[in-house]
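Structure data (PDB, C-alpha atoms) from query.pdb:
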ATOM      1  CA  MET A   1      -8.692  -2.197  -9.728
ATOM      2  CA  PHE A   2     -12.131  -1.168  -8.613
ATOM      3  CA  GLY A   3     -13.773  -4.082  -6.905
ATOM      4  CA  VAL A   4     -13.471  -7.782  -7.523
ATOM      5  CA  ALA A   5     -14.324  -7.812 -11.235
ATOM      6  CA  HIS A   6     -11.200  -5.844 -12.023
ATOM      7  CA  ALA A   7      -9.080  -8.170  -9.911
ATOM      8  CA  PHE A   8     -10.360 -11.138 -11.895
ATOM      9  CA  PRO A   9     -10.895 -10.134 -15.546
ATOM     10  CA  GLU A  10     -12.446 -13.510 -16.337
ATOM     11  CA  CYS A  11     -15.559 -12.337 -14.467
ATOM     12  CA  GLU A  12     -16.185  -9.895 -17.282
ATOM     13  CA  ALA A  13     -16.414 -12.769 -19.766
ATOM     14  CA  LEU A  14     -19.501 -14.301 -18.156
ATOM     15  CA  PRO A  15     -22.428 -14.563 -20.602
ATOM     16  CA  PRO A  16     -24.640 -11.475 -20.185
ATOM     17  CA  THR A  17     -27.759 -13.641 -19.868
ATOM     18  CA  SER A  18     -26.378 -15.220 -16.693
ATOM     19  CA  VAL A  19     -25.263 -12.030 -15.002
ATOM     20  CA  CYS A  20     -27.130  -9.677 -12.734
ATOM     21  CA  ARG A  21     -25.028  -6.529 -12.661
ATOM     22  CA  ALA A  22     -25.628  -3.995  -9.906
ATOM     23  CA  ASN A  23     -23.724  -0.866 -10.864
ATOM     24  CA  PHE A  24     -22.838   1.340  -7.916
ATOM     25  CA  HIS A  25     -20.695   3.901  -9.735
ATOM     26  CA  GLU A  26     -23.340   6.594  -9.304
ATOM     27  CA  VAL A  27     -23.401   5.991  -5.558
ATOM     28  CA  SER A  28     -19.610   5.950  -5.490
ATOM     29  CA  GLN A  29     -19.334   9.289  -7.273
ATOM     30  CA  SER A  30     -21.868  11.004  -5.048
ATOM     31  CA  HIS A  31     -20.354   9.729  -1.816
ATOM     32  CA  MET A  32     -16.778   8.536  -1.977
ATOM     33  CA  GLY A  33     -15.197   6.556   0.816
ATOM     34  CA  PHE A  34     -16.601   4.002   3.209
ATOM     35  CA  ALA A  35     -19.120   6.043   5.210
ATOM     36  CA  GLU A  36     -21.743   3.992   6.986
ATOM     37  CA  GLU A  37     -24.739   5.184   4.966
ATOM     38  CA  ARG A  38     -23.042   4.106   1.742
ATOM     39  CA  VAL A  39     -22.454   0.635   3.134
ATOM     40  CA  GLN A  40     -26.102   0.401   4.190
ATOM     41  CA  ALA A  41     -27.281   1.551   0.749
ATOM     42  CA  LEU A  42     -25.157  -1.069  -0.966
ATOM     43  CA  ALA A  43     -26.324  -3.768   1.411
ATOM     44  CA  ALA A  44     -29.935  -2.900   0.599
ATOM     45  CA  ASN A  45     -29.200  -3.112  -3.119
ATOM     46  CA  VAL A  46     -27.502  -6.488  -2.726
ATOM     47  CA  SER A  47     -30.433  -7.787  -0.673
ATOM     48  CA  ALA A  48     -32.904  -6.694  -3.357
ATOM     49  CA  LEU A  49     -30.696  -8.204  -6.055
ATOM     50  CA  ARG A  50     -30.686 -11.589  -4.328
ATOM     51  CA  LYS A  51     -34.472 -11.611  -4.170
ATOM     52  CA  SER A  52     -34.995 -10.607  -7.792
ATOM     53  CA  SER A  53     -36.261 -13.115 -10.328
ATOM     54  CA  LEU A  54     -33.311 -12.271 -12.581
ATOM     55  CA  CYS A  55     -30.964 -13.929 -10.124
ATOM     56  CA  ALA A  56     -33.077 -16.998  -9.431
ATOM     57  CA  GLY A  57     -31.701 -20.439 -10.088
ATOM     58  CA  GLY A  58     -28.202 -19.873  -8.755
ATOM     59  CA  VAL A  59     -26.837 -17.927 -11.739
ATOM     60  CA  ASP A  60     -23.730 -15.831 -11.368
ATOM     61  CA  VAL A  61     -23.950 -12.364  -9.843
ATOM     62  CA  VAL A  62     -21.398  -9.684 -10.611
ATOM     63  CA  ILE A  63     -21.429  -6.605  -8.392
ATOM     64  CA  ASP A  64     -19.487  -3.751  -9.953
ATOM     65  CA  GLY A  65     -18.199  -0.922  -7.781
ATOM     66  CA  CYS A  66     -15.581   0.149  -5.255
ATOM     67  CA  LEU A  67     -15.936  -2.704  -2.787
ATOM     68  CA  GLN A  68     -12.795  -2.658  -0.674
ATOM     69  CA  SER A  69     -14.592  -2.924   2.652
ATOM     70  CA  TRP A  70     -15.257  -6.007   4.747
ATOM     71  CA  LYS A  71     -18.678  -4.582   5.648
ATOM     72  CA  TYR A  72     -20.008  -5.265   2.170
ATOM     73  CA  PHE A  73     -19.534  -8.992   2.748
ATOM     74  CA  ASP A  74     -20.413  -9.263   6.431
ATOM     75  CA  GLY A  75     -22.521 -12.393   6.866
ATOM     76  CA  VAL A  76     -21.530 -13.908   3.515
ATOM     77  CA  SER A  77     -17.738 -13.769   3.805
ATOM     78  CA  PRO A  78     -17.183 -17.560   3.476
ATOM     79  CA  GLU A  79     -18.968 -17.540   0.126
ATOM     80  CA  VAL A  80     -17.143 -14.445  -1.106
ATOM     81  CA  ARG A  81     -13.769 -15.829  -0.010
ATOM     82  CA  ARG A  82     -14.480 -19.091  -1.820
ATOM     83  CA  LEU A  83     -15.525 -17.315  -5.008
ATOM     84  CA  TYR A  84     -12.456 -15.114  -5.129
ATOM     85  CA  THR A  85      -9.847 -17.664  -4.227
ATOM     86  CA  ALA A  86      -7.419 -18.127  -7.114
ATOM     87  CA  GLY A  87      -8.330 -20.744  -9.713
ATOM     88  CA  ALA A  88      -7.072 -24.319  -9.666
ATOM     89  CA  GLU A  89      -4.255 -23.744 -12.163
ATOM     90  CA  ALA A  90      -2.879 -20.745 -10.274
ATOM     91  CA  ARG A  91      -3.165 -22.597  -6.952
ATOM     92  CA  ALA A  92      -1.261 -25.569  -8.348
ATOM     93  CA  ALA A  93       1.514 -23.320  -9.658
ATOM     94  CA  ALA A  94       1.634 -21.497  -6.316
ATOM     95  CA  SER A  95       1.861 -24.768  -4.375
ATOM     96  CA  ALA A  96       4.750 -25.914  -6.559
ATOM     97  CA  TRP A  97       6.561 -22.614  -6.057
ATOM     98  CA  ILE A  98       6.035 -22.711  -2.284
ATOM     99  CA  GLU A  99       7.276 -26.287  -2.074
ATOM    100  CA  GLY A 100      10.424 -25.254  -3.935
ATOM    101  CA  ALA A 101      10.814 -22.226  -1.681
ATOM    102  CA  ARG A 102      10.677 -24.388   1.429
ATOM    103  CA  GLY A 103      13.465 -26.494  -0.024
ATOM    104  CA  ARG A 104      15.615 -23.439  -0.767
ATOM    105  CA  LEU A 105      15.051 -21.979   2.695
ATOM    106  CA  ARG A 106      15.925 -25.244   4.455
ATOM    107  CA  GLY A 107      15.857 -25.369   8.241
ATOM    108  CA  GLY A 108      13.019 -27.792   9.031
ATOM    109  CA  GLU A 109       9.631 -26.526  10.171
ATOM    110  CA  LEU A 110       8.750 -23.171   8.624
ATOM    111  CA  GLN A 111       6.053 -20.550   8.881
ATOM    112  CA  LEU A 112       5.880 -18.243   5.867
ATOM    113  CA  VAL A 113       4.891 -14.581   5.733
ATOM    114  CA  GLY A 114       3.876 -13.185   2.349
ATOM    115  CA  VAL A 115       4.899  -9.553   1.899
ATOM    116  CA  GLN A 116       3.135  -7.694  -0.893
ATOM    117  CA  VAL A 117       5.306  -4.755  -1.938
ATOM    118  CA  ARG A 118       3.271  -2.523  -4.248
ATOM    119  CA  LEU A 119       5.652  -0.344  -6.212
ATOM    120  CA  GLY A 120       5.403   0.213  -9.973
ATOM    121  CA  ASP A 121       2.882   2.919 -10.886
ATOM    122  CA  LYS A 122       2.069   3.502  -7.196
ATOM    123  CA  VAL A 123       5.485   5.114  -6.643
ATOM    124  CA  HIS A 124       6.390   6.320 -10.136
ATOM    125  CA  GLU A 125       3.254   8.071 -11.449
ATOM    126  CA  ASP A 126       2.376  11.563 -10.237
ATOM    127  CA  ILE A 127      -1.363  10.899 -10.105
ATOM    128  CA  ASN A 128      -0.802   8.100  -7.582
ATOM    129  CA  LEU A 129       1.886   9.952  -5.630
ATOM    130  CA  GLU A 130      -0.586  12.790  -5.100
ATOM    131  CA  LYS A 131      -3.480  10.570  -4.024
ATOM    132  CA  TYR A 132      -2.201   7.553  -2.105
ATOM    133  CA  ALA A 133      -0.405   7.497   1.225
ATOM    134  CA  PRO A 134       3.101   6.044   0.744
ATOM    135  CA  THR A 135       4.408   3.053   2.667
ATOM    136  CA  ASN A 136       8.155   3.226   3.256
ATOM    137  CA  TRP A 137      10.633   0.483   4.154
ATOM    138  CA  THR A 138      10.136   1.192   7.865
ATOM    139  CA  TYR A 139       6.493   0.187   7.476
ATOM    140  CA  PHE A 140       7.406  -3.104   5.836
ATOM    141  CA  THR A 141      10.133  -4.050   8.309
ATOM    142  CA  THR A 142       7.925  -3.148  11.284
ATOM    143  CA  ALA A 143       5.036  -5.145   9.809
ATOM    144  CA  MET A 144       7.283  -8.134   9.068
ATOM    145  CA  ARG A 145       8.660  -8.176  12.611
ATOM    146  CA  TYR A 146       5.167  -7.933  14.070
ATOM    147  CA  ALA A 147       3.937 -10.823  11.921
ATOM    148  CA  GLU A 148       6.980 -12.866  12.883
ATOM    149  CA  ALA A 149       6.412 -12.266  16.596
ATOM    150  CA  GLN A 150       2.792 -13.371  16.309
ATOM    151  CA  LEU A 151       3.693 -16.559  14.446
ATOM    152  CA  VAL A 152       6.541 -17.414  16.815
ATOM    153  CA  ALA A 153       4.177 -17.020  19.761
ATOM    154  CA  ARG A 154       1.793 -19.416  18.014
ATOM    155  CA  ARG A 155       4.423 -22.047  17.104
ATOM    156  CA  PRO A 156       7.743 -21.389  18.846
ATOM    157  CA  SER A 157       9.439 -24.387  17.227
ATOM    158  CA  ALA A 158       8.896 -23.148  13.666
ATOM    159  CA  ARG A 159      11.282 -20.719  11.984
ATOM    160  CA  VAL A 160       9.717 -17.740  10.178
ATOM    161  CA  ALA A 161      10.722 -16.778   6.634
ATOM    162  CA  PHE A 162       9.416 -14.162   4.223
ATOM    163  CA  VAL A 163       8.175 -14.368   0.631
ATOM    164  CA  LEU A 164       8.111 -11.065  -1.281
ATOM    165  CA  THR A 165       5.800 -10.340  -4.197
ATOM    166  CA  VAL A 166       6.844  -7.102  -5.854
ATOM    167  CA  GLY A 167       4.844  -5.119  -8.389
ATOM    168  CA  GLY A 168       7.100  -3.060 -10.621
ATOM    169  CA  ASP A 169      10.218  -3.280 -12.749
ATOM    170  CA  VAL A 170      13.607  -4.876 -12.097
ATOM    171  CA  GLU A 171      14.822  -1.859 -10.123
ATOM    172  CA  ASP A 172      11.742  -2.029  -7.885
ATOM    173  CA  ARG A 173      12.362  -5.717  -7.230
ATOM    174  CA  GLU A 174      16.006  -5.107  -6.422
ATOM    175  CA  ALA A 175      15.117  -2.234  -4.084
ATOM    176  CA  ALA A 176      12.572  -4.361  -2.219
ATOM    177  CA  GLN A 177      14.851  -7.347  -1.916
ATOM    178  CA  GLY A 178      17.829  -5.249  -0.850
ATOM    179  CA  ASN A 179      16.031  -3.204   1.792
ATOM    180  CA  LEU A 180      14.025  -6.026   3.305
ATOM    181  CA  THR A 181      16.725  -8.691   3.325
ATOM    182  CA  ALA A 182      18.994  -6.185   5.061
ATOM    183  CA  ALA A 183      16.364  -5.822   7.776
ATOM    184  CA  VAL A 184      15.592  -9.485   8.501
ATOM    185  CA  GLY A 185      18.473 -11.475   7.003
ATOM    186  CA  THR A 186      19.252 -12.793   3.532
ATOM    187  CA  ASP A 187      18.770 -16.404   4.588
ATOM    188  CA  ARG A 188      15.096 -15.817   5.403
ATOM    189  CA  VAL A 189      13.832 -13.889   2.375
ATOM    190  CA  LEU A 190      12.788 -15.065  -1.078
ATOM    191  CA  ILE A 191      11.217 -13.041  -3.882
ATOM    192  CA  THR A 192       8.727 -14.624  -6.247
ATOM    193  CA  ASP A 193       9.865 -15.000  -9.831
ATOM    194  CA  VAL A 194       6.572 -15.893 -11.490
ATOM    195  CA  ALA A 195       5.188 -13.974 -14.468
ATOM    196  CA  ASP A 196       1.501 -14.617 -13.722
ATOM    197  CA  ARG A 197       0.027 -12.173 -11.216
ATOM    198  CA  MET A 198      -2.648 -14.718 -10.280
ATOM    199  CA  VAL A 199       0.064 -17.107  -9.131
ATOM    200  CA  ASP A 200       1.473 -14.296  -6.968
ATOM    201  CA  TYR A 201      -2.061 -13.806  -5.637
ATOM    202  CA  ALA A 202      -2.342 -17.518  -4.844
ATOM    203  CA  ILE A 203       1.068 -17.523  -3.156
ATOM    204  CA  LEU A 204       0.134 -14.588  -0.939
ATOM    205  CA  SER A 205      -3.196 -16.123   0.008
ATOM    206  CA  SER A 206      -1.487 -19.406   0.963
ATOM    207  CA  MET A 207       0.822 -17.856   3.573
ATOM    208  CA  ASP A 208       0.706 -18.228   7.371
ATOM    209  CA  GLY A 209       0.922 -14.454   7.623
ATOM    210  CA  VAL A 210       0.393 -11.617   5.142
ATOM    211  CA  VAL A 211       1.756  -8.066   5.032
ATOM    212  CA  ILE A 212       0.066  -5.854   2.452
ATOM    213  CA  SER A 213       0.645  -2.477   0.847
ATOM    214  CA  VAL A 214      -1.864   0.225  -0.038
ATOM    215  CA  SER A 215      -3.357  -2.030  -2.691
ATOM    216  CA  THR A 216      -6.626  -3.745  -3.516
ATOM    217  CA  PHE A 217      -4.669  -6.706  -4.898
ATOM    218  CA  GLY A 218      -3.066  -7.248  -1.490
ATOM    219  CA  TRP A 219      -6.351  -6.586   0.312
ATOM    220  CA  TRP A 220      -8.093  -9.378  -1.602
ATOM    221  CA  ALA A 221      -5.194 -11.810  -1.243
ATOM    222  CA  ALA A 222      -5.281 -11.293   2.510
ATOM    223  CA  TYR A 223      -9.081 -11.402   2.699
ATOM    224  CA  VAL A 224      -9.387 -14.801   1.006
ATOM    225  CA  SER A 225      -6.456 -16.285   2.922
ATOM    226  CA  ASP A 226      -6.446 -18.345   6.100
ATOM    227  CA  ALA A 227      -3.489 -16.363   7.422
ATOM    228  CA  HIS A 228      -3.100 -16.279  11.190
ATOM    229  CA  VAL A 229      -1.937 -12.666  11.078
ATOM    230  CA  VAL A 230      -2.524  -9.891   8.534
ATOM    231  CA  VAL A 231      -0.792  -6.516   8.761
ATOM    232  CA  ALA A 232      -1.939  -3.489   6.754
ATOM    233  CA  PRO A 233      -1.038   0.216   6.504
ATOM    234  CA  ARG A 234      -3.340   2.410   8.536
ATOM    235  CA  ASN A 235      -3.615   5.201   5.971
ATOM    236  CA  VAL A 236      -4.596   4.763   2.331
ATOM    237  CA  TYR A 237      -5.193   8.291   1.015
ATOM    238  CA  LEU A 238      -3.510  11.679   1.185
ATOM    239  CA  GLU A 239      -5.391  14.909   1.846
ATOM    240  CA  ALA A 240      -5.095  15.792  -1.841
ATOM    241  CA  ALA A 241      -7.530  12.948  -2.596
ATOM    242  CA  GLY A 242     -10.326  15.265  -1.395
ATOM    243  CA  ARG A 243     -13.627  13.647  -0.393
ATOM    244  CA  THR A 244     -12.141  10.177  -0.626
ATOM    245  CA  TYR A 245      -9.633  11.168   2.053
ATOM    246  CA  GLU A 246     -12.289  12.901   4.158
ATOM    247  CA  ASN A 247     -14.652   9.926   4.152
ATOM    248  CA  TYR A 248     -12.086   7.156   4.471
ATOM    249  CA  ARG A 249     -12.299   5.152   7.700
ATOM    250  CA  SER A 250      -9.760   2.410   8.313
ATOM    251  CA  GLU A 251     -12.232   0.531  10.507
ATOM    252  CA  ASP A 252     -14.566   0.279   7.509
ATOM    253  CA  ALA A 253     -11.886  -0.758   5.051
ATOM    254  CA  TYR A 254     -10.057  -3.419   7.044
ATOM    255  CA  PRO A 255     -11.454  -6.459   8.906
ATOM    256  CA  LYS A 256     -11.344  -6.148  12.674
ATOM    257  CA  THR A 257      -8.821  -8.960  13.062
ATOM    258  CA  TRP A 258      -6.159  -7.246  10.926
ATOM    259  CA  LYS A 259      -3.331  -5.370  12.590
ATOM    260  CA  LEU A 260      -2.999  -1.791  11.367
ATOM    261  CA  ILE A 261       0.264   0.098  11.744
ATOM    262  CA  ASP A 262       1.510   3.491  10.621
ATOM    263  CA  ASN A 263       2.705   3.815   7.032
ATOM    264  CA  SER A 264       6.162   4.970   8.074
TER     265      SER A 264
END
Please, can you express the file's structure as structure tokens?
Amino acid sequence: MFGVAHAFPECEALPPTSVCRANFHEVSQSHMGFAEERVQALAANVSALRKSSLCAGGVDVVIDGCLQSWKYFDGVSPEVRRLYTAGAEARAAASAWIEGARGRLRGGELQLVGVQVRLGDKVHEDINLEKYAPTNWTYFTTAMRYAEAQLVARRPSARVAFVLTVGGDVEDREAAQGNLTAAVGTDRVLITDVADRMVDYAILSSMDGVVISVSTFGWWAAYVSDAHVVVAPRNVYLEAAGRTYENYRSEDAYPKTWKLIDNS
């Protein structure tokens, strides 16, 4: 998904008369990545958009483009996080699932780490294999242990358990569950079984800690969350991605408070 509108298709259903759409695809094509001048250009466009008469009166604004950078929202992050929190129905379903998960995990006080394992087309389609940096099981286990250590230091009395959301087919889910439960223990790992991706999104964004993949879905879930620790893969692109790879800067893509570790 390219930007927030693709993460939340309902945005596209807003009445055209109530939408100011700033289309940055031309900028994106001429300068891929998160270089500083692109961020400044987008910020100037957003500032002008806010001042325009078209957007007066508090109507909805949809910004369409490749927006996976915290710099685009610097200064307005509370508003952006509120707007892109999952809807009430998804949050209610996520809360019910989490409550059930706590019961299944047992053991008193718990801190939960959501682990977003992005498989599916990311690992099975050649176009993605050639472009995106892979994250192997070593990345996930290292990230999970780091998140656990941070949460234990924060609340030593609370046990840490892990909730996996896995994008892909049954084999992908089985691979994730098998590899990651082997690393941290079967009694501390659950995998979500919900069909609605927005409920998965709400579950991830409700966790005490979040581990993400190379994925905009995970990025947004972590960004809108109140997680005490977020772990992300340092590299997103492979050299074959061309100018996107050349211009990518992890410090532009990820908030300063997130912990970045190697992909493998």
- prompt: Hey, which of A:Asn235, A:Ser264, A:Glu251, A:Tyr146 ends up closest to Tyr132 in chain A? Count only C-alpha atoms.
  reply: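 That would be A:Asn235, the residue with the smallest distance to Tyr132 in chain A.
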- prompt: Quick one: distance from CA of Ala86 in chain A to CA of Trp219 in chain A in Å, one decimal?
  reply: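 Straight-line distance from CA of Ala86 in chain A to CA of Trp219 in chain A works out to 13.8 Å.
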field: Surrounding residues of Arg81 in chain A excluding itself and chain neighbours under 5 positions, 9 Å, only C-alpha atoms, as JSON, numbers by chain
entry: {"A": [76, 220, 223, 224, 225]}
message: Give me, as a PyMOL selection string, all polymer residues having an atom no more than 10 Å from Met198 in chain A, counting all atoms listed in the file and skipping those fewer than 6 positions away in the same chain.
response: chain A and resi 7-8+85-87+89-91+93-94+204+217+221
Atomic distance CA of Glu148 in chain A - CA of Ala183 in chain A, expressed in Å with one decimal: 12.8 Å
task: Would you mind reading off the distance between CA of Gly185 in chain A and CA of Leu260 in chain A, one decimal, in Å?
output: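 Between CA of Gly185 in chain A and CA of Leu260 in chain A the gap works out to 24.0 Å.
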task: Report as a PyMOL selection string the full result of the PyMOL selection byres ((chain A and resi 111) around 12) when it is applied to this structure.
output: chain A and resi 98+101-102+105-110+112-114+147-163+188+206-210+227-229
Selected residues written out with C-alpha atoms, as a compact mmCIF listing (two decimals), keeping the file's coordinate frame:
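Output (result_1.txt):
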# COMPACT_ATOMS: atom_id res chain seq x y z
CA ILE A 98 6.04 -22.71 -2.28
CA ALA A 101 10.81 -22.23 -1.68
CA ARG A 102 10.68 -24.39 1.43
CA LEU A 105 15.05 -21.98 2.70
CA ARG A 106 15.92 -25.24 4.46
CA GLY A 107 15.86 -25.37 8.24
CA GLY A 108 13.02 -27.79 9.03
CA GLU A 109 9.63 -26.53 10.17
CA LEU A 110 8.75 -23.17 8.62
CA LEU A 112 5.88 -18.24 5.87
CA VAL A 113 4.89 -14.58 5.73
CA GLY A 114 3.88 -13.18 2.35
CA ALA A 147 3.94 -10.82 11.92
CA GLU A 148 6.98 -12.87 12.88
CA ALA A 149 6.41 -12.27 16.60
CA GLN A 150 2.79 -13.37 16.31
CA LEU A 151 3.69 -16.56 14.45
CA VAL A 152 6.54 -17.41 16.82
CA ALA A 153 4.18 -17.02 19.76
CA ARG A 154 1.79 -19.42 18.01
CA ARG A 155 4.42 -22.05 17.10
CA PRO A 156 7.74 -21.39 18.85
CA SER A 157 9.44 -24.39 17.23
CA ALA A 158 8.90 -23.15 13.67
CA ARG A 159 11.28 -20.72 11.98
CA VAL A 160 9.72 -17.74 10.18
CA ALA A 161 10.72 -16.78 6.63
CA PHE A 162 9.42 -14.16 4.22
CA VAL A 163 8.18 -14.37 0.63
CA ARG A 188 15.10 -15.82 5.40
CA SER A 206 -1.49 -19.41 0.96
CA MET A 207 0.82 -17.86 3.57
CA ASP A 208 0.71 -18.23 7.37
CA GLY A 209 0.92 -14.45 7.62
CA VAL A 210 0.39 -11.62 5.14
CA ALA A 227 -3.49 -16.36 7.42
CA HIS A 228 -3.10 -16.28 11.19
CA VAL A 229 -1.94 -12.67 11.08
query: So which residues get picked by the PyMOL selection byres ((chain A and resi 232) around 8) here, written as a PyMOL selection string?
result: chain A and resi 143+211-214+230-231+233-234+258-261
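Nearest to Lys71 in chain A of all the residues A:Pro255, A:Gly178, A:Gly167, A:Gly103 is A:Pro255, based on only C-alpha atoms.
What the PyMOL selection byres ((chain A and resi 245) around 10) picks from this file is A:Met32, A:Gly33, A:Lys131, A:Tyr132, A:Ala133, A:Asn235, A:Val236, A:Tyr237, A:Leu238, A:Glu239, A:Ala240, A:Ala241, A:Gly242, A:Arg243, A:Thr244, A:Glu246, A:Asn247, A:Tyr248, A:Arg249.
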Could you work out an axis-aligned box for range 184-202 of chain A, taking every atom the file lists and adding 4 Å on each side, and report centre and edge lengths in Å to one decimal, as JSON?
{"center_x": 8.3, "center_y": -13.5, "center_z": -3.0, "size_x": 29.9, "size_y": 16.0, "size_z": 31.0}
Polymer residues at most 9 Å from Arg173 in chain A, all atoms listed in the file, same-chain spacing of 5 or more positions, as a PyMOL selection string: chain A and resi 117+119+165-168+178+191
Residues within 7 Å of Ala253 in chain A, please, as a PDB file with C-alpha atoms, in the coordinates of the input. Count all atoms listed in the file; anything in the same chain fewer than 4 positions from it doesn't count.
ATOM      1  CA  PHE A  34     -16.601   4.002   3.209  1.00  0.00           C
ATOM      2  CA  GLN A  68     -12.795  -2.658  -0.674  1.00  0.00           C
ATOM      3  CA  SER A  69     -14.592  -2.924   2.652  1.00  0.00           C
ATOM      4  CA  TRP A  70     -15.257  -6.007   4.747  1.00  0.00           C
ATOM      5  CA  ARG A 249     -12.299   5.152   7.700  1.00  0.00           C
TER       6      ARG A 249
END
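Considering the residues A:Thr181, A:Thr257, A:Ser215, A:Thr192 and counting all atoms listed in the file, Gly100 in chain A has its shortest atom-to-atom contact with A:Thr192.
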message: Ranking A:Tyr254, A:Glu171, A:Arg145, A:Thr216 by minimum distance to Tyr72 in chain A and counting all atoms listed in the file, which one comes first?
response: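 Among the listed residues, the smallest separation from Tyr72 in chain A belongs to A:Tyr254.
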- request: Considering all atoms listed in the file, state which residue in the set A:Ile203, A:Leu164, A:Ala88, A:Ala222 is at the smallest distance from Arg118 in chain A.
  value: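 The shortest atom-to-atom distance to Arg118 in chain A comes from A:Leu164.
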Would you kindly place N, CA, C and O atoms on range 200-215 of chain A and return the model as an mmCIF file, in the coordinates of the input?
data_model
loop_
_atom_site.group_PDB
_atom_site.id
_atom_site.type_symbol
_atom_site.label_atom_id
_atom_site.label_comp_id
_atom_site.auth_asym_id
_atom_site.auth_seq_id
_atom_site.Cartn_x
_atom_site.Cartn_y
_atom_site.Cartn_z
ATOM 1 N N ASP A 200 1.064 -15.120 -8.109
ATOM 2 C CA ASP A 200 1.473 -14.296 -6.968
ATOM 3 C C ASP A 200 0.322 -14.156 -5.969
ATOM 4 O O ASP A 200 0.514 -14.243 -4.751
ATOM 5 N N TYR A 201 -0.868 -13.930 -6.487
ATOM 6 C CA TYR A 201 -2.061 -13.806 -5.637
ATOM 7 C C TYR A 201 -2.282 -15.090 -4.841
ATOM 8 O O TYR A 201 -2.556 -15.059 -3.634
ATOM 9 N N ALA A 202 -2.153 -16.229 -5.506
ATOM 10 C CA ALA A 202 -2.342 -17.518 -4.844
ATOM 11 C C ALA A 202 -1.248 -17.781 -3.823
ATOM 12 O O ALA A 202 -1.505 -18.362 -2.764
ATOM 13 N N ILE A 203 -0.029 -17.368 -4.119
ATOM 14 C CA ILE A 203 1.068 -17.523 -3.156
ATOM 15 C C ILE A 203 0.778 -16.707 -1.909
ATOM 16 O O ILE A 203 0.859 -17.210 -0.779
ATOM 17 N N LEU A 204 0.438 -15.435 -2.085
ATOM 18 C CA LEU A 204 0.134 -14.588 -0.939
ATOM 19 C C LEU A 204 -0.986 -15.172 -0.084
ATOM 20 O O LEU A 204 -0.906 -15.191 1.153
ATOM 21 N N SER A 205 -2.033 -15.640 -0.742
ATOM 22 C CA SER A 205 -3.196 -16.123 0.008
ATOM 23 C C SER A 205 -2.977 -17.498 0.628
ATOM 24 O O SER A 205 -3.841 -17.988 1.358
ATOM 25 N N SER A 206 -1.812 -18.106 0.367
ATOM 26 C CA SER A 206 -1.487 -19.406 0.963
ATOM 27 C C SER A 206 -0.562 -19.286 2.171
ATOM 28 O O SER A 206 -0.195 -20.300 2.772
ATOM 29 N N MET A 207 -0.175 -18.061 2.531
ATOM 30 C CA MET A 207 0.822 -17.856 3.573
ATOM 31 C C MET A 207 0.228 -17.959 4.986
ATOM 32 O O MET A 207 -0.964 -17.790 5.188
ATOM 33 N N ASP A 208 1.111 -18.216 5.957
ATOM 34 C CA ASP A 208 0.706 -18.228 7.371
ATOM 35 C C ASP A 208 0.436 -16.818 7.877
ATOM 36 O O ASP A 208 -0.346 -16.611 8.802
ATOM 37 N N GLY A 209 1.125 -15.861 7.302
ATOM 38 C CA GLY A 209 0.922 -14.454 7.623
ATOM 39 C C GLY A 209 1.023 -13.641 6.353
ATOM 40 O O GLY A 209 1.671 -14.054 5.391
ATOM 41 N N VAL A 210 0.369 -12.470 6.331
ATOM 42 C CA VAL A 210 0.393 -11.617 5.142
ATOM 43 C C VAL A 210 0.610 -10.174 5.565
ATOM 44 O O VAL A 210 -0.048 -9.677 6.489
ATOM 45 N N VAL A 211 1.536 -9.505 4.887
ATOM 46 C CA VAL A 211 1.756 -8.066 5.032
ATOM 47 C C VAL A 211 1.395 -7.434 3.693
ATOM 48 O O VAL A 211 1.913 -7.856 2.658
ATOM 49 N N ILE A 212 0.503 -6.449 3.713
ATOM 50 C CA ILE A 212 0.066 -5.854 2.452
ATOM 51 C C ILE A 212 0.478 -4.395 2.351
ATOM 52 O O ILE A 212 0.831 -3.747 3.339
ATOM 53 N N SER A 213 0.411 -3.893 1.125
ATOM 54 C CA SER A 213 0.645 -2.477 0.847
ATOM 55 C C SER A 213 -0.693 -1.757 0.755
ATOM 56 O O SER A 213 -1.744 -2.336 1.027
ATOM 57 N N VAL A 214 -0.645 -0.486 0.342
ATOM 58 C CA VAL A 214 -1.864 0.225 -0.038
ATOM 59 C C VAL A 214 -2.244 -0.308 -1.416
ATOM 60 O O VAL A 214 -1.747 0.136 -2.438
ATOM 61 N N SER A 215 -3.111 -1.299 -1.444
ATOM 62 C CA SER A 215 -3.357 -2.030 -2.691
ATOM 63 C C SER A 215 -4.577 -2.911 -2.558
ATOM 64 O O SER A 215 -4.713 -3.667 -1.590
#
